[in-house]
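Text of run_19.cif, listed as mmCIF, C-alpha atoms:
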```cif
data_coords
#
loop_
_atom_site.label_atom_id
_atom_site.label_comp_id
_atom_site.auth_asym_id
_atom_site.auth_seq_id
_atom_site.Cartn_x
_atom_site.Cartn_y
_atom_site.Cartn_z
CA MET A 1 -122.21 48.12 45.55
CA LEU A 2 -122.27 46.52 48.99
CA ARG A 3 -120.03 43.65 47.83
CA ALA A 4 -117.48 46.09 46.40
CA THR A 5 -117.44 48.08 49.63
CA ALA A 6 -117.02 44.93 51.77
CA ALA A 7 -114.21 43.65 49.52
CA HIS A 8 -112.51 47.05 49.67
CA LEU A 9 -112.79 47.10 53.47
CA ILE A 10 -111.29 43.58 53.74
CA LEU A 11 -108.40 44.62 51.47
CA LEU A 12 -107.82 47.76 53.55
CA LEU A 13 -107.81 45.73 56.79
CA ALA A 14 -105.39 43.17 55.29
CA VAL A 15 -102.96 45.90 54.21
CA SER A 16 -103.20 47.55 57.64
CA ALA A 17 -102.49 44.27 59.41
CA CYS A 18 -99.31 43.80 57.37
CA ALA A 19 -97.93 47.24 58.20
CA THR A 20 -95.20 47.24 60.82
CA VAL A 21 -94.59 49.88 63.40
CA PRO A 22 -91.14 50.00 64.96
CA ALA A 23 -91.16 49.26 68.68
CA ALA A 24 -90.37 52.12 70.99
CA PRO A 25 -86.95 51.81 72.60
CA ASP A 26 -86.79 50.71 76.23
CA THR A 27 -86.07 53.89 78.13
CA SER A 28 -86.59 52.57 81.63
CA ALA A 29 -84.00 53.67 84.18
CA ASP A 30 -82.58 50.16 84.62
CA SER A 31 -82.23 49.49 80.90
CA PRO A 32 -78.66 49.80 79.66
CA ALA A 33 -78.30 51.89 76.54
CA VAL A 34 -77.29 49.94 73.45
CA SER A 35 -75.79 52.38 71.00
CA ALA A 36 -74.64 51.72 67.46
CA ASP A 37 -71.00 52.51 68.32
CA LYS A 38 -70.86 49.59 70.77
CA GLY A 39 -70.98 47.27 67.77
CA ASN A 40 -67.38 48.28 66.95
CA ASP A 41 -66.01 47.20 70.35
CA PRO A 42 -63.88 44.06 69.76
CA LEU A 43 -64.40 42.78 73.32
CA ARG A 44 -68.16 43.17 73.01
CA ALA A 45 -68.06 41.43 69.62
CA ARG A 46 -66.10 38.58 71.21
CA LEU A 47 -68.94 37.97 73.69
CA ILE A 48 -71.77 38.09 71.14
CA GLY A 49 -72.94 34.67 70.05
CA THR A 50 -74.17 31.35 71.37
CA TRP A 51 -72.21 29.42 73.98
CA LYS A 52 -72.58 25.93 75.46
CA LEU A 53 -71.80 25.21 79.10
CA VAL A 54 -68.84 22.87 79.55
CA ALA A 55 -68.04 23.15 83.29
CA ILE A 56 -68.99 24.71 86.60
CA ARG A 57 -66.20 25.29 89.10
CA ASP A 58 -65.83 26.74 92.57
CA ARG A 59 -63.03 29.31 92.95
CA ASP A 60 -61.62 30.01 96.41
CA ALA A 61 -61.34 33.81 96.67
CA ALA A 62 -58.36 33.62 99.04
CA THR A 63 -56.23 31.22 96.97
CA GLY A 64 -57.68 31.42 93.45
CA VAL A 65 -57.74 27.61 93.36
CA GLU A 66 -60.59 26.17 91.29
CA THR A 67 -62.24 22.81 91.99
CA PRO A 68 -65.20 21.11 90.28
CA ALA A 69 -68.53 22.32 91.68
CA ALA A 70 -70.47 19.87 93.87
CA ARG A 71 -73.24 19.87 91.25
CA ALA A 72 -71.43 19.79 87.93
CA ALA A 73 -72.73 20.98 84.57
CA ASP A 74 -74.86 18.57 82.57
CA GLY A 75 -75.57 21.13 79.86
CA GLY A 76 -76.50 24.70 79.25
CA GLN A 77 -76.66 27.55 76.79
CA LEU A 78 -75.85 31.25 76.93
CA ILE A 79 -76.79 33.68 74.17
CA TYR A 80 -75.52 37.27 73.94
CA THR A 81 -77.09 39.25 71.09
CA ALA A 82 -75.69 42.37 69.41
CA ASN A 83 -78.71 44.42 70.51
CA GLY A 84 -77.98 43.76 74.20
CA ARG A 85 -80.30 40.82 74.95
CA LEU A 86 -79.31 37.59 76.70
CA SER A 87 -80.71 34.19 77.54
CA VAL A 88 -79.23 31.64 79.94
CA GLN A 89 -80.21 28.04 80.70
CA ILE A 90 -78.17 25.74 82.95
CA VAL A 91 -78.80 22.06 83.71
CA ARG A 92 -76.86 20.39 86.51
CA VAL A 93 -75.91 16.74 86.90
CA GLY A 94 -78.61 14.75 88.72
CA ARG A 95 -81.54 16.66 87.28
CA ALA A 96 -82.99 13.50 85.69
CA GLN A 97 -83.49 12.02 89.18
CA GLN A 98 -85.72 14.90 90.33
CA ALA A 99 -89.46 14.48 90.81
CA PRO A 100 -91.59 15.29 87.76
CA GLY A 101 -92.39 19.00 87.69
CA SER A 102 -89.39 19.92 89.86
CA ALA A 103 -87.16 22.76 88.73
CA ASP A 104 -84.29 21.63 90.99
CA GLY A 105 -81.07 21.48 89.00
CA PHE A 106 -82.35 23.83 86.29
CA SER A 107 -81.65 27.56 86.08
CA SER A 108 -83.06 29.86 83.45
CA TYR A 109 -83.25 33.60 82.96
CA PHE A 110 -83.40 36.20 80.21
CA GLY A 111 -83.00 39.93 79.92
CA ARG A 112 -80.41 42.50 78.93
CA TRP A 113 -76.64 42.56 79.22
CA GLU A 114 -74.11 45.35 79.54
CA LEU A 115 -70.33 45.14 79.23
CA LEU A 116 -68.36 47.08 81.86
CA ALA A 117 -64.86 46.52 80.44
CA ALA A 118 -63.19 48.85 82.96
CA GLU A 119 -64.47 46.58 85.76
CA GLY A 120 -63.83 43.34 83.84
CA CYS A 121 -67.44 42.31 84.10
CA VAL A 122 -70.74 41.86 82.33
CA ILE A 123 -74.02 42.77 84.04
CA HIS A 124 -76.96 40.45 83.44
CA TYR A 125 -80.21 42.37 83.99
CA GLN A 126 -82.72 39.60 84.69
CA ASP A 127 -86.08 40.62 83.25
CA GLY A 128 -87.42 37.11 83.78
CA ASN A 129 -86.14 34.21 85.87
CA LEU A 130 -87.34 30.75 86.81
CA THR A 131 -86.53 31.79 90.39
CA VAL A 132 -89.09 34.54 91.02
CA ALA A 133 -87.00 36.20 93.76
CA GLN A 134 -84.24 36.92 91.20
CA ILE A 135 -86.43 38.78 88.69
CA GLY A 136 -85.12 42.32 88.39
CA GLN A 137 -81.68 41.38 89.68
CA ALA A 138 -78.58 42.94 88.11
CA ALA A 139 -76.11 40.06 88.34
CA LYS A 140 -72.42 40.88 87.96
CA ARG A 141 -70.29 38.28 86.12
CA TYR A 142 -66.50 38.69 85.87
CA TYR A 143 -65.30 37.48 82.46
CA SER A 144 -62.08 35.97 81.16
CA PHE A 145 -61.07 34.03 78.07
CA ASP A 146 -58.61 31.14 77.99
CA ALA A 147 -56.16 30.31 75.18
CA ALA A 148 -58.78 28.15 73.44
CA GLY A 149 -61.26 31.07 73.43
CA TRP A 150 -63.52 29.59 76.11
CA LEU A 151 -65.39 32.16 78.17
CA SER A 152 -65.40 31.98 81.98
CA LEU A 153 -68.04 33.96 83.88
CA ALA A 154 -67.46 34.16 87.63
CA THR A 155 -69.93 35.35 90.24
CA PRO A 156 -68.73 37.72 92.96
CA PRO A 157 -67.41 35.71 95.95
CA ARG A 158 -69.90 34.84 98.69
CA LYS A 159 -69.38 33.25 102.07
CA ARG A 160 -70.20 29.55 102.23
CA GLU A 161 -71.26 27.58 105.31
CA ASP A 162 -67.63 26.56 105.93
CA GLY A 163 -66.65 30.25 106.14
CA ARG A 164 -64.75 30.39 102.83
CA ASP A 165 -65.46 33.03 100.19
CA ILE A 166 -66.23 31.15 96.97
CA SER A 167 -67.10 32.27 93.41
CA SER A 168 -69.01 30.05 91.03
CA VAL A 169 -67.26 29.94 87.66
CA PHE A 170 -69.26 28.95 84.58
CA VAL A 171 -67.11 27.88 81.63
CA TRP A 172 -68.59 28.30 78.14
CA GLU A 173 -67.47 27.16 74.68
CA ARG A 174 -68.67 29.08 71.63
CA ILE A 175 -71.07 27.18 69.38
CA PRO A 176 -70.07 27.89 65.76
#
```
Show how you would write the structure in this file as structure tokens.
Amino acid sequence: MLRATAAHLILLLAVSACATVPAAPDTSADSPAVSADKGNDPLRARLIGTWKLVAIRDRDAATGVETPAARAADGGQLIYTANGRLSVQIVRVGRAQQAPGSADGFSSYFGRWELLAAEGCVIHYQDGNLTVAQIGQAAKRYYSFDAAGWLSLATPPRKREDGRDISSVFVWERIP
């Protein structure tokens, strides 16, 4: 009788462990809503996918002229998912020469994204970031697509040491 009860208990525990409970939606104030109707937005659908970094440029806010960034792209990946999640990793040229254990030349963050088409931008809500001070940041990225379908994401302009307002432009190619 004891063996039957123990076997029954093990079976009951095994079945319970296999049961799945849907996760509660994130209802925090800073979490953008991801509704089912957003899946029909062609612009949003155009962003969803996996992208590889092909270039980093500096854009002069006064002239619009773009030049290669001082620390060019050596690689990177951006992922936008349909349920509003994102992941970004960027490696800059020269990283291999850094001291072991150094994060210099490497950027990485993950979180949620929200398309603000009326403003021409995407907001990256950084739930986690290699740079601790940027955790929780809502980073605005102005988007554009070129004729080849490459995605450019530009930061808002900021004043550099030389007094010029410069945007960093990250150029991404979709990975099929």
### Message
On this structure, the PyMOL selection byres ((chain A and resi 92-102) around 8) would catch which residues? List them as a ChimeraX atom specification, sorted by chain and number.
### Response
/A:71-75,90-91,103-106
### Query
Could you spell out the hits of the PyMOL selection byres ((chain A and resi 139) around 6) on the shown file, as a VMD selection string?
chain A and resid 123 to 124 137 to 138 140
Mind writing the picked residues with C-alpha atoms as an mmCIF file, keeping the file's coordinate frame?
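What landed in part-v1.cif:
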```cif
data_model
loop_
_atom_site.group_PDB
_atom_site.id
_atom_site.type_symbol
_atom_site.label_atom_id
_atom_site.label_comp_id
_atom_site.auth_asym_id
_atom_site.auth_seq_id
_atom_site.Cartn_x
_atom_site.Cartn_y
_atom_site.Cartn_z
ATOM 1 C CA ILE A 123 -74.020 42.770 84.040
ATOM 2 C CA HIS A 124 -76.960 40.450 83.440
ATOM 3 C CA GLN A 137 -81.680 41.380 89.680
ATOM 4 C CA ALA A 138 -78.580 42.940 88.110
ATOM 5 C CA LYS A 140 -72.420 40.880 87.960
#
```
### Query
Near segment 155-161 of chain A, within 7 Å and counting all atoms listed in the file, which residues show up once chain neighbours fewer than 4 positions away are dropped, as a PyMOL selection string?
chain A and resi 61+140-142+165-169
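Closest approach to Gly49 of chain A among A:Val122, A:Leu151, A:Ile79, A:Leu86: A:Ile79, based on only C-alpha atoms.
Across the structure, atom CA of Ser144 of chain A and atom CA of Asn83 of chain A are spaced 21.5 Å apart.
Compared by their closest atoms to Arg57 of chain A, and using all atoms listed in the file, the residues A:Glu173, A:Gly163, A:Ser152, A:Gly120 rank with A:Ser152 nearest.
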What would segment 60-90 of chain A look like with N, CA and C atoms restored, written as a PDB file, in the coordinates of the input?
```
ATOM      1  N   ASP A  60     -61.899  29.479  95.086  1.00  0.00           N
ATOM      2  CA  ASP A  60     -61.620  30.010  96.410  1.00  0.00           C
ATOM      3  C   ASP A  60     -61.080  31.423  96.252  1.00  0.00           C
ATOM      4  N   ALA A  61     -61.744  32.406  96.835  1.00  0.00           N
ATOM      5  CA  ALA A  61     -61.340  33.810  96.670  1.00  0.00           C
ATOM      6  C   ALA A  61     -59.981  34.087  97.293  1.00  0.00           C
ATOM      7  N   ALA A  62     -59.628  33.385  98.359  1.00  0.00           N
ATOM      8  CA  ALA A  62     -58.360  33.620  99.040  1.00  0.00           C
ATOM      9  C   ALA A  62     -57.169  33.060  98.264  1.00  0.00           C
ATOM     10  N   THR A  63     -57.346  31.895  97.632  1.00  0.00           N
ATOM     11  CA  THR A  63     -56.230  31.220  96.970  1.00  0.00           C
ATOM     12  C   THR A  63     -56.304  31.257  95.449  1.00  0.00           C
ATOM     13  N   GLY A  64     -57.500  31.477  94.897  1.00  0.00           N
ATOM     14  CA  GLY A  64     -57.680  31.420  93.450  1.00  0.00           C
ATOM     15  C   GLY A  64     -57.780  30.012  92.907  1.00  0.00           C
ATOM     16  N   VAL A  65     -57.678  29.009  93.769  1.00  0.00           N
ATOM     17  CA  VAL A  65     -57.740  27.610  93.360  1.00  0.00           C
ATOM     18  C   VAL A  65     -59.173  27.264  92.943  1.00  0.00           C
ATOM     19  N   GLU A  66     -59.285  26.599  91.788  1.00  0.00           N
ATOM     20  CA  GLU A  66     -60.590  26.170  91.290  1.00  0.00           C
ATOM     21  C   GLU A  66     -60.730  24.664  91.423  1.00  0.00           C
ATOM     22  N   THR A  67     -61.913  24.228  91.866  1.00  0.00           N
ATOM     23  CA  THR A  67     -62.240  22.810  91.990  1.00  0.00           C
ATOM     24  C   THR A  67     -63.599  22.593  91.323  1.00  0.00           C
ATOM     25  N   PRO A  68     -63.876  21.361  90.867  1.00  0.00           N
ATOM     26  CA  PRO A  68     -65.200  21.110  90.280  1.00  0.00           C
ATOM     27  C   PRO A  68     -66.304  21.419  91.288  1.00  0.00           C
ATOM     28  N   ALA A  69     -67.386  22.007  90.818  1.00  0.00           N
ATOM     29  CA  ALA A  69     -68.530  22.320  91.680  1.00  0.00           C
ATOM     30  C   ALA A  69     -69.178  21.016  92.147  1.00  0.00           C
ATOM     31  N   ALA A  70     -69.795  21.055  93.319  1.00  0.00           N
ATOM     32  CA  ALA A  70     -70.470  19.870  93.870  1.00  0.00           C
ATOM     33  C   ALA A  70     -71.522  19.353  92.899  1.00  0.00           C
ATOM     34  N   ARG A  71     -72.253  20.259  92.273  1.00  0.00           N
ATOM     35  CA  ARG A  71     -73.240  19.870  91.250  1.00  0.00           C
ATOM     36  C   ARG A  71     -72.732  20.356  89.915  1.00  0.00           C
ATOM     37  N   ALA A  72     -72.086  19.462  89.190  1.00  0.00           N
ATOM     38  CA  ALA A  72     -71.430  19.790  87.930  1.00  0.00           C
ATOM     39  C   ALA A  72     -72.438  20.123  86.829  1.00  0.00           C
ATOM     40  N   ALA A  73     -71.907  20.645  85.741  1.00  0.00           N
ATOM     41  CA  ALA A  73     -72.730  20.980  84.570  1.00  0.00           C
ATOM     42  C   ALA A  73     -73.115  19.720  83.825  1.00  0.00           C
ATOM     43  N   ASP A  74     -74.377  19.650  83.438  1.00  0.00           N
ATOM     44  CA  ASP A  74     -74.860  18.570  82.570  1.00  0.00           C
ATOM     45  C   ASP A  74     -75.209  19.150  81.209  1.00  0.00           C
ATOM     46  N   GLY A  75     -75.268  20.458  81.118  1.00  0.00           N
ATOM     47  CA  GLY A  75     -75.570  21.130  79.860  1.00  0.00           C
ATOM     48  C   GLY A  75     -76.001  22.559  80.137  1.00  0.00           C
ATOM     49  N   GLY A  76     -76.060  23.324  79.090  1.00  0.00           N
ATOM     50  CA  GLY A  76     -76.500  24.700  79.250  1.00  0.00           C
ATOM     51  C   GLY A  76     -76.208  25.511  78.009  1.00  0.00           C
ATOM     52  N   GLN A  77     -76.837  26.658  77.934  1.00  0.00           N
ATOM     53  CA  GLN A  77     -76.660  27.550  76.790  1.00  0.00           C
ATOM     54  C   GLN A  77     -76.749  28.994  77.245  1.00  0.00           C
ATOM     55  N   LEU A  78     -75.879  29.810  76.679  1.00  0.00           N
ATOM     56  CA  LEU A  78     -75.850  31.250  76.930  1.00  0.00           C
ATOM     57  C   LEU A  78     -75.869  31.926  75.570  1.00  0.00           C
ATOM     58  N   ILE A  79     -76.726  32.917  75.423  1.00  0.00           N
ATOM     59  CA  ILE A  79     -76.790  33.680  74.170  1.00  0.00           C
ATOM     60  C   ILE A  79     -76.673  35.156  74.501  1.00  0.00           C
ATOM     61  N   TYR A  80     -75.666  35.814  73.901  1.00  0.00           N
ATOM     62  CA  TYR A  80     -75.520  37.270  73.940  1.00  0.00           C
ATOM     63  C   TYR A  80     -75.826  37.780  72.541  1.00  0.00           C
ATOM     64  N   THR A  81     -76.774  38.691  72.409  1.00  0.00           N
ATOM     65  CA  THR A  81     -77.090  39.250  71.090  1.00  0.00           C
ATOM     66  C   THR A  81     -76.467  40.644  70.948  1.00  0.00           C
ATOM     67  N   ALA A  82     -76.302  41.073  69.702  1.00  0.00           N
ATOM     68  CA  ALA A  82     -75.690  42.370  69.410  1.00  0.00           C
ATOM     69  C   ALA A  82     -76.539  43.533  69.917  1.00  0.00           C
ATOM     70  N   ASN A  83     -77.852  43.320  70.045  1.00  0.00           N
ATOM     71  CA  ASN A  83     -78.710  44.420  70.510  1.00  0.00           C
ATOM     72  C   ASN A  83     -78.870  44.433  72.035  1.00  0.00           C
ATOM     73  N   GLY A  84     -78.015  43.674  72.746  1.00  0.00           N
ATOM     74  CA  GLY A  84     -77.980  43.760  74.200  1.00  0.00           C
ATOM     75  C   GLY A  84     -78.909  42.826  74.942  1.00  0.00           C
ATOM     76  N   ARG A  85     -79.431  41.794  74.286  1.00  0.00           N
ATOM     77  CA  ARG A  85     -80.300  40.820  74.950  1.00  0.00           C
ATOM     78  C   ARG A  85     -79.483  39.579  75.316  1.00  0.00           C
ATOM     79  N   LEU A  86     -79.962  38.830  76.309  1.00  0.00           N
ATOM     80  CA  LEU A  86     -79.310  37.590  76.700  1.00  0.00           C
ATOM     81  C   LEU A  86     -80.331  36.565  77.133  1.00  0.00           C
ATOM     82  N   SER A  87     -79.895  35.313  77.085  1.00  0.00           N
ATOM     83  CA  SER A  87     -80.710  34.190  77.540  1.00  0.00           C
ATOM     84  C   SER A  87     -79.754  33.150  78.102  1.00  0.00           C
ATOM     85  N   VAL A  88     -80.085  32.612  79.272  1.00  0.00           N
ATOM     86  CA  VAL A  88     -79.230  31.640  79.940  1.00  0.00           C
ATOM     87  C   VAL A  88     -80.078  30.470  80.430  1.00  0.00           C
ATOM     88  N   GLN A  89     -79.608  29.250  80.144  1.00  0.00           N
ATOM     89  CA  GLN A  89     -80.210  28.040  80.700  1.00  0.00           C
ATOM     90  C   GLN A  89     -79.061  27.159  81.179  1.00  0.00           C
ATOM     91  N   ILE A  90     -79.195  26.601  82.377  1.00  0.00           N
ATOM     92  CA  ILE A  90     -78.170  25.740  82.950  1.00  0.00           C
ATOM     93  C   ILE A  90     -78.851  24.505  83.545  1.00  0.00           C
TER      94      ILE A  90
END
```
